[in-house]
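Presented below is the structure to which this report refers.
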Amino acid sequence: MASSSDVTSSADPTPENPESGSVPAASETTDGPARRGRVRARRAAVMAVPATLVAGALAVLTAEGALGVQFAISGMPFTVTATELNGTGFEQFGGLDNMAPGSPNEGDTGGQVLIITSAIKNATLTKLCQSVDLGGTNLLITAGSGAEKVTASDLTTDSTELSGDAAFNNIEIGNDASTLTKAGAKGPIGVFSQQADTVRIANLRQTNYATTAGVFKLPGLKLGFSSKGC
């Protein structure tokens, strides 16, 4: 009778018994479908991180008042003009404005508008005009056409276009937007910006998506509809 050591176990892998022994299952091999699925899932998670961080950063900045606008914009641009703007404490930096989810005005923008925020600590405007094209007619607002000028404190405007004849005192160009000090507003870190002690813009014209102010006084205010805008 042979001893147990002389008997070949049927569990030992041999050429005659290739399926015996410990053979890795397909899901445990390096190129199996489960492995590939896990790799794809990890890649998708990594790719999603930057977008999540950007969205989170913008939400925090808006909540802290670091960006000019703290509300969902309508997505309808409006025109603002003035024969002259004078301001003390001026800052300017880039940012994003967001429309309400599902807004019919988002088009192919995804509901976001790339804008330039201009912040002024204290401003006066002469012959202010603001108009919104409603399709066939314009909502028109005018103020400051008499002896008394329009005044605003902590004024911010989010614009896609701005033109006029500008002059600045003690201007700094190329600041990080998160370090601005002249108007009390701060933009996102790493964003190009500029600031100055004072600003004067003659023949001001802006295409805006939003305006905010701590105090906004409009002497001689008139509001109505017109066939022409500003």
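All residue names refer to the structure tokens as shown: chains lettered A, B, ... in order, residues numbered from 1 in each chain, ligands numbered from 1 in order.
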Would you return as a PDB file with N, CA, C and O atoms, in the first residue's frame the members of region 113-178 of chain A that DSSP assigns to strand (DSSP E) on this structure's backbone?
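Output file part_15.pdb follows:
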```
ATOM      1  N   VAL A 113     -22.125  83.829 -17.783  1.00  0.00           N
ATOM      2  CA  VAL A 113     -21.631  84.944 -18.587  1.00  0.00           C
ATOM      3  C   VAL A 113     -20.296  85.388 -18.008  1.00  0.00           C
ATOM      4  O   VAL A 113     -20.187  85.666 -16.807  1.00  0.00           O
ATOM      5  N   LEU A 114     -19.278  85.434 -18.855  1.00  0.00           N
ATOM      6  CA  LEU A 114     -17.965  85.931 -18.444  1.00  0.00           C
ATOM      7  C   LEU A 114     -18.008  87.454 -18.422  1.00  0.00           C
ATOM      8  O   LEU A 114     -18.349  88.086 -19.424  1.00  0.00           O
ATOM      9  N   ILE A 115     -17.708  88.049 -17.275  1.00  0.00           N
ATOM     10  CA  ILE A 115     -17.871  89.503 -17.116  1.00  0.00           C
ATOM     11  C   ILE A 115     -16.625  90.131 -16.465  1.00  0.00           C
ATOM     12  O   ILE A 115     -15.745  89.442 -15.947  1.00  0.00           O
ATOM     13  N   ILE A 116     -16.589  91.447 -16.546  1.00  0.00           N
ATOM     14  CA  ILE A 116     -15.613  92.243 -15.809  1.00  0.00           C
ATOM     15  C   ILE A 116     -16.373  93.009 -14.726  1.00  0.00           C
ATOM     16  O   ILE A 116     -17.318  93.753 -15.025  1.00  0.00           O
ATOM     17  N   THR A 117     -15.999  92.818 -13.473  1.00  0.00           N
ATOM     18  CA  THR A 117     -16.607  93.555 -12.371  1.00  0.00           C
ATOM     19  C   THR A 117     -15.815  94.830 -12.104  1.00  0.00           C
ATOM     20  O   THR A 117     -14.602  94.776 -11.909  1.00  0.00           O
ATOM     21  N   SER A 118     -16.511  95.952 -12.123  1.00  0.00           N
ATOM     22  CA  SER A 118     -15.925  97.238 -11.731  1.00  0.00           C
ATOM     23  C   SER A 118     -16.544  97.636 -10.405  1.00  0.00           C
ATOM     24  O   SER A 118     -17.770  97.725 -10.295  1.00  0.00           O
ATOM     25  N   ALA A 119     -15.709  97.858  -9.403  1.00  0.00           N
ATOM     26  CA  ALA A 119     -16.184  98.235  -8.068  1.00  0.00           C
ATOM     27  C   ALA A 119     -15.666  99.621  -7.726  1.00  0.00           C
ATOM     28  O   ALA A 119     -14.479  99.912  -7.911  1.00  0.00           O
ATOM     29  N   ILE A 120     -16.566 100.478  -7.240  1.00  0.00           N
ATOM     30  CA  ILE A 120     -16.201 101.852  -6.861  1.00  0.00           C
ATOM     31  C   ILE A 120     -16.761 102.129  -5.468  1.00  0.00           C
ATOM     32  O   ILE A 120     -17.961 101.929  -5.223  1.00  0.00           O
ATOM     33  N   LYS A 121     -15.921 102.585  -4.576  1.00  0.00           N
ATOM     34  CA  LYS A 121     -16.353 102.831  -3.197  1.00  0.00           C
ATOM     35  C   LYS A 121     -17.389 103.936  -3.138  1.00  0.00           C
ATOM     36  O   LYS A 121     -18.439 103.785  -2.516  1.00  0.00           O
ATOM     37  N   ASN A 122     -17.113 105.058  -3.786  1.00  0.00           N
ATOM     38  CA  ASN A 122     -18.075 106.175  -3.861  1.00  0.00           C
ATOM     39  C   ASN A 122     -18.045 106.749  -5.267  1.00  0.00           C
ATOM     40  O   ASN A 122     -16.965 107.027  -5.800  1.00  0.00           O
ATOM     41  N   ALA A 123     -19.229 106.915  -5.878  1.00  0.00           N
ATOM     42  CA  ALA A 123     -19.295 107.369  -7.269  1.00  0.00           C
ATOM     43  C   ALA A 123     -20.370 108.419  -7.456  1.00  0.00           C
ATOM     44  O   ALA A 123     -21.392 108.422  -6.753  1.00  0.00           O
ATOM     45  N   THR A 124     -20.126 109.327  -8.410  1.00  0.00           N
ATOM     46  CA  THR A 124     -21.147 110.277  -8.870  1.00  0.00           C
ATOM     47  C   THR A 124     -21.246 110.137 -10.387  1.00  0.00           C
ATOM     48  O   THR A 124     -20.230 109.963 -11.073  1.00  0.00           O
ATOM     49  N   LEU A 125     -22.478 110.204 -10.901  1.00  0.00           N
ATOM     50  CA  LEU A 125     -22.712 110.073 -12.342  1.00  0.00           C
ATOM     51  C   LEU A 125     -23.597 111.205 -12.814  1.00  0.00           C
ATOM     52  O   LEU A 125     -24.610 111.540 -12.179  1.00  0.00           O
ATOM     53  N   THR A 126     -23.239 111.785 -13.945  1.00  0.00           N
ATOM     54  CA  THR A 126     -24.000 112.876 -14.543  1.00  0.00           C
ATOM     55  C   THR A 126     -24.791 112.349 -15.731  1.00  0.00           C
ATOM     56  O   THR A 126     -24.257 111.647 -16.583  1.00  0.00           O
ATOM     57  N   LEU A 128     -27.341 110.052 -16.058  1.00  0.00           N
ATOM     58  CA  LEU A 128     -27.381 108.592 -16.133  1.00  0.00           C
ATOM     59  C   LEU A 128     -28.561 108.141 -16.987  1.00  0.00           C
ATOM     60  O   LEU A 128     -29.673 108.658 -16.872  1.00  0.00           O
ATOM     61  N   CYS A 129     -28.306 107.159 -17.846  1.00  0.00           N
ATOM     62  CA  CYS A 129     -29.358 106.543 -18.657  1.00  0.00           C
ATOM     63  C   CYS A 129     -29.171 105.031 -18.609  1.00  0.00           C
ATOM     64  O   CYS A 129     -28.051 104.535 -18.728  1.00  0.00           O
ATOM     65  N   GLN A 130     -30.296 104.307 -18.440  1.00  0.00           N
ATOM     66  CA  GLN A 130     -30.246 102.841 -18.445  1.00  0.00           C
ATOM     67  C   GLN A 130     -31.419 102.328 -19.274  1.00  0.00           C
ATOM     68  O   GLN A 130     -32.553 102.783 -19.106  1.00  0.00           O
ATOM     69  N   SER A 131     -31.138 101.395 -20.185  1.00  0.00           N
ATOM     70  CA  SER A 131     -32.202 100.860 -21.025  1.00  0.00           C
ATOM     71  C   SER A 131     -32.053  99.355 -21.183  1.00  0.00           C
ATOM     72  O   SER A 131     -30.946  98.821 -21.222  1.00  0.00           O
ATOM     73  N   VAL A 132     -33.217  98.688 -21.284  1.00  0.00           N
ATOM     74  CA  VAL A 132     -33.274  97.247 -21.488  1.00  0.00           C
ATOM     75  C   VAL A 132     -34.131  96.987 -22.723  1.00  0.00           C
ATOM     76  O   VAL A 132     -35.283  97.426 -22.787  1.00  0.00           O
ATOM     77  N   ASP A 133     -33.573  96.299 -23.693  1.00  0.00           N
ATOM     78  CA  ASP A 133     -34.315  95.956 -24.912  1.00  0.00           C
ATOM     79  C   ASP A 133     -35.254  94.792 -24.617  1.00  0.00           C
ATOM     80  O   ASP A 133     -34.815  93.677 -24.314  1.00  0.00           O
ATOM     81  N   ASN A 138     -38.209  99.485 -25.409  1.00  0.00           N
ATOM     82  CA  ASN A 138     -37.154  99.559 -24.406  1.00  0.00           C
ATOM     83  C   ASN A 138     -37.702 100.102 -23.099  1.00  0.00           C
ATOM     84  O   ASN A 138     -38.467 101.068 -23.092  1.00  0.00           O
ATOM     85  N   LEU A 139     -37.313  99.464 -21.991  1.00  0.00           N
ATOM     86  CA  LEU A 139     -37.567 100.031 -20.678  1.00  0.00           C
ATOM     87  C   LEU A 139     -36.455 101.030 -20.406  1.00  0.00           C
ATOM     88  O   LEU A 139     -35.277 100.668 -20.370  1.00  0.00           O
ATOM     89  N   LEU A 140     -36.800 102.304 -20.236  1.00  0.00           N
ATOM     90  CA  LEU A 140     -35.824 103.391 -20.161  1.00  0.00           C
ATOM     91  C   LEU A 140     -35.874 104.069 -18.798  1.00  0.00           C
ATOM     92  O   LEU A 140     -36.949 104.432 -18.318  1.00  0.00           O
ATOM     93  N   ILE A 141     -34.718 104.246 -18.190  1.00  0.00           N
ATOM     94  CA  ILE A 141     -34.583 104.945 -16.911  1.00  0.00           C
ATOM     95  C   ILE A 141     -33.553 106.049 -17.072  1.00  0.00           C
ATOM     96  O   ILE A 141     -32.451 105.816 -17.585  1.00  0.00           O
ATOM     97  N   THR A 142     -33.902 107.263 -16.639  1.00  0.00           N
ATOM     98  CA  THR A 142     -32.949 108.374 -16.642  1.00  0.00           C
ATOM     99  C   THR A 142     -32.964 109.057 -15.275  1.00  0.00           C
ATOM    100  O   THR A 142     -33.973 109.020 -14.556  1.00  0.00           O
ATOM    101  N   ALA A 143     -31.834 109.676 -14.917  1.00  0.00           N
ATOM    102  CA  ALA A 143     -31.711 110.376 -13.637  1.00  0.00           C
ATOM    103  C   ALA A 143     -30.458 111.247 -13.682  1.00  0.00           C
ATOM    104  O   ALA A 143     -29.554 111.026 -14.497  1.00  0.00           O
ATOM    105  N   VAL A 150     -26.422 111.787  -9.788  1.00  0.00           N
ATOM    106  CA  VAL A 150     -26.637 110.467  -9.215  1.00  0.00           C
ATOM    107  C   VAL A 150     -25.439 110.107  -8.346  1.00  0.00           C
ATOM    108  O   VAL A 150     -24.288 110.333  -8.733  1.00  0.00           O
ATOM    109  N   THR A 151     -25.694 109.566  -7.154  1.00  0.00           N
ATOM    110  CA  THR A 151     -24.608 109.144  -6.267  1.00  0.00           C
ATOM    111  C   THR A 151     -24.820 107.693  -5.848  1.00  0.00           C
ATOM    112  O   THR A 151     -25.945 107.215  -5.743  1.00  0.00           O
ATOM    113  N   ALA A 152     -23.703 106.991  -5.623  1.00  0.00           N
ATOM    114  CA  ALA A 152     -23.764 105.584  -5.212  1.00  0.00           C
ATOM    115  C   ALA A 152     -22.565 105.275  -4.326  1.00  0.00           C
ATOM    116  O   ALA A 152     -21.484 105.827  -4.505  1.00  0.00           O
ATOM    117  N   SER A 153     -22.793 104.398  -3.361  1.00  0.00           N
ATOM    118  CA  SER A 153     -21.700 103.895  -2.530  1.00  0.00           C
ATOM    119  C   SER A 153     -21.623 102.386  -2.682  1.00  0.00           C
ATOM    120  O   SER A 153     -22.647 101.725  -2.889  1.00  0.00           O
ATOM    121  N   ASP A 154     -20.410 101.843  -2.604  1.00  0.00           N
ATOM    122  CA  ASP A 154     -20.177 100.407  -2.791  1.00  0.00           C
ATOM    123  C   ASP A 154     -20.837  99.923  -4.079  1.00  0.00           C
ATOM    124  O   ASP A 154     -21.553  98.919  -4.112  1.00  0.00           O
ATOM    125  N   LEU A 155     -20.574 100.656  -5.146  1.00  0.00           N
ATOM    126  CA  LEU A 155     -21.176 100.357  -6.447  1.00  0.00           C
ATOM    127  C   LEU A 155     -20.364  99.289  -7.180  1.00  0.00           C
ATOM    128  O   LEU A 155     -19.142  99.381  -7.259  1.00  0.00           O
ATOM    129  N   THR A 156     -21.042  98.273  -7.710  1.00  0.00           N
ATOM    130  CA  THR A 156     -20.395  97.299  -8.583  1.00  0.00           C
ATOM    131  C   THR A 156     -21.232  97.121  -9.838  1.00  0.00           C
ATOM    132  O   THR A 156     -22.466  97.115  -9.780  1.00  0.00           O
ATOM    133  N   THR A 157     -20.560  96.993 -10.965  1.00  0.00           N
ATOM    134  CA  THR A 157     -21.231  96.696 -12.227  1.00  0.00           C
ATOM    135  C   THR A 157     -20.528  95.513 -12.877  1.00  0.00           C
ATOM    136  O   THR A 157     -19.295  95.445 -12.895  1.00  0.00           O
ATOM    137  N   ASP A 158     -21.310  94.571 -13.381  1.00  0.00           N
ATOM    138  CA  ASP A 158     -20.772  93.411 -14.085  1.00  0.00           C
ATOM    139  C   ASP A 158     -21.030  93.616 -15.567  1.00  0.00           C
ATOM    140  O   ASP A 158     -22.184  93.580 -16.008  1.00  0.00           O
ATOM    141  N   SER A 159     -19.960  93.826 -16.330  1.00  0.00           N
ATOM    142  CA  SER A 159     -20.066  94.273 -17.717  1.00  0.00           C
ATOM    143  C   SER A 159     -19.394  93.310 -18.680  1.00  0.00           C
ATOM    144  O   SER A 159     -18.427  92.631 -18.326  1.00  0.00           O
ATOM    145  N   THR A 160     -19.904  93.289 -19.913  1.00  0.00           N
ATOM    146  CA  THR A 160     -19.215  92.602 -21.000  1.00  0.00           C
ATOM    147  C   THR A 160     -18.543  93.603 -21.935  1.00  0.00           C
ATOM    148  O   THR A 160     -17.635  93.233 -22.686  1.00  0.00           O
ATOM    149  N   GLU A 161     -18.997  94.862 -21.876  1.00  0.00           N
ATOM    150  CA  GLU A 161     -18.365  95.922 -22.674  1.00  0.00           C
ATOM    151  C   GLU A 161     -18.368  97.214 -21.870  1.00  0.00           C
ATOM    152  O   GLU A 161     -19.324  97.505 -21.145  1.00  0.00           O
ATOM    153  N   LEU A 162     -17.281  97.991 -21.999  1.00  0.00           N
ATOM    154  CA  LEU A 162     -17.169  99.289 -21.340  1.00  0.00           C
ATOM    155  C   LEU A 162     -16.311 100.189 -22.215  1.00  0.00           C
ATOM    156  O   LEU A 162     -15.245  99.771 -22.677  1.00  0.00           O
ATOM    157  N   SER A 163     -16.785 101.420 -22.447  1.00  0.00           N
ATOM    158  CA  SER A 163     -16.009 102.370 -23.248  1.00  0.00           C
ATOM    159  C   SER A 163     -16.158 103.771 -22.672  1.00  0.00           C
ATOM    160  O   SER A 163     -17.090 104.053 -21.909  1.00  0.00           O
ATOM    161  N   GLY A 164     -15.225 104.650 -23.038  1.00  0.00           N
ATOM    162  CA  GLY A 164     -15.227 106.035 -22.572  1.00  0.00           C
ATOM    163  C   GLY A 164     -13.820 106.579 -22.535  1.00  0.00           C
ATOM    164  O   GLY A 164     -12.852 105.902 -22.920  1.00  0.00           O
ATOM    165  N   ASP A 165     -13.685 107.818 -22.077  1.00  0.00           N
ATOM    166  CA  ASP A 165     -12.379 108.454 -21.925  1.00  0.00           C
ATOM    167  C   ASP A 165     -12.027 108.443 -20.444  1.00  0.00           C
ATOM    168  O   ASP A 165     -12.622 109.172 -19.648  1.00  0.00           O
ATOM    169  N   ALA A 166     -11.051 107.585 -20.073  1.00  0.00           N
ATOM    170  CA  ALA A 166     -10.783 107.310 -18.664  1.00  0.00           C
ATOM    171  C   ALA A 166      -9.475 107.924 -18.194  1.00  0.00           C
ATOM    172  O   ALA A 166      -8.509 108.043 -18.957  1.00  0.00           O
ATOM    173  N   ALA A 167      -9.463 108.303 -16.916  1.00  0.00           N
ATOM    174  CA  ALA A 167      -8.252 108.799 -16.259  1.00  0.00           C
ATOM    175  C   ALA A 167      -8.224 108.248 -14.843  1.00  0.00           C
ATOM    176  O   ALA A 167      -9.251 108.229 -14.144  1.00  0.00           O
ATOM    177  N   PHE A 168      -7.045 107.769 -14.404  1.00  0.00           N
ATOM    178  CA  PHE A 168      -6.896 107.157 -13.086  1.00  0.00           C
ATOM    179  C   PHE A 168      -5.770 107.843 -12.317  1.00  0.00           C
ATOM    180  O   PHE A 168      -4.803 108.314 -12.918  1.00  0.00           O
ATOM    181  N   ASN A 169      -5.901 107.857 -11.002  1.00  0.00           N
ATOM    182  CA  ASN A 169      -4.823 108.333 -10.131  1.00  0.00           C
ATOM    183  C   ASN A 169      -4.287 107.162  -9.308  1.00  0.00           C
ATOM    184  O   ASN A 169      -5.067 106.410  -8.713  1.00  0.00           O
ATOM    185  N   GLU A 172      -2.769 100.716 -10.074  1.00  0.00           N
ATOM    186  CA  GLU A 172      -1.954  99.501  -9.963  1.00  0.00           C
ATOM    187  C   GLU A 172      -2.559  98.470 -10.904  1.00  0.00           C
ATOM    188  O   GLU A 172      -3.741  98.144 -10.781  1.00  0.00           O
ATOM    189  N   ILE A 173      -1.749  97.955 -11.830  1.00  0.00           N
ATOM    190  CA  ILE A 173      -2.235  97.016 -12.841  1.00  0.00           C
ATOM    191  C   ILE A 173      -1.521  95.678 -12.670  1.00  0.00           C
ATOM    192  O   ILE A 173      -0.294  95.635 -12.572  1.00  0.00           O
ATOM    193  N   GLY A 174      -2.289  94.608 -12.641  1.00  0.00           N
ATOM    194  CA  GLY A 174      -1.716  93.273 -12.525  1.00  0.00           C
ATOM    195  C   GLY A 174      -1.820  92.669 -11.141  1.00  0.00           C
ATOM    196  O   GLY A 174      -1.218  91.628 -10.875  1.00  0.00           O
ATOM    197  N   ASN A 175      -2.583  93.295 -10.262  1.00  0.00           N
ATOM    198  CA  ASN A 175      -2.772  92.724  -8.912  1.00  0.00           C
ATOM    199  C   ASN A 175      -3.487  91.382  -8.983  1.00  0.00           C
ATOM    200  O   ASN A 175      -4.244  91.112  -9.913  1.00  0.00           O
ATOM    201  N   ASP A 176      -3.267  90.547  -7.960  1.00  0.00           N
ATOM    202  CA  ASP A 176      -4.126  89.380  -7.762  1.00  0.00           C
ATOM    203  C   ASP A 176      -5.457  89.892  -7.222  1.00  0.00           C
ATOM    204  O   ASP A 176      -5.492  90.675  -6.273  1.00  0.00           O
TER     205      ASP A 176
END
```
### Task
Using CA of Gly187 (chain A) and CA of Gly214 (chain A) as the two end points, give the distance in Å to one decimal.
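If I compute the distance from CA of Gly187 (chain A) to CA of Gly214 (chain A), I get 18.0 Å.
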Judged by only C-alpha atoms, the minimum distance to Arg200 (chain A) among A:Pro77, A:Ala185, A:Ala82, A:Gly87 is found for A:Gly87
If you count only C-alpha atoms, the residue of A:Gly229, A:Gly146, A:Gly220, A:Gly190 closest to Thr207 (chain A) turns out to be A:Gly229
In Å and to one decimal, CA of Asn208 (chain A) is distant from CA of Thr79 (chain A) by 6.2 Å
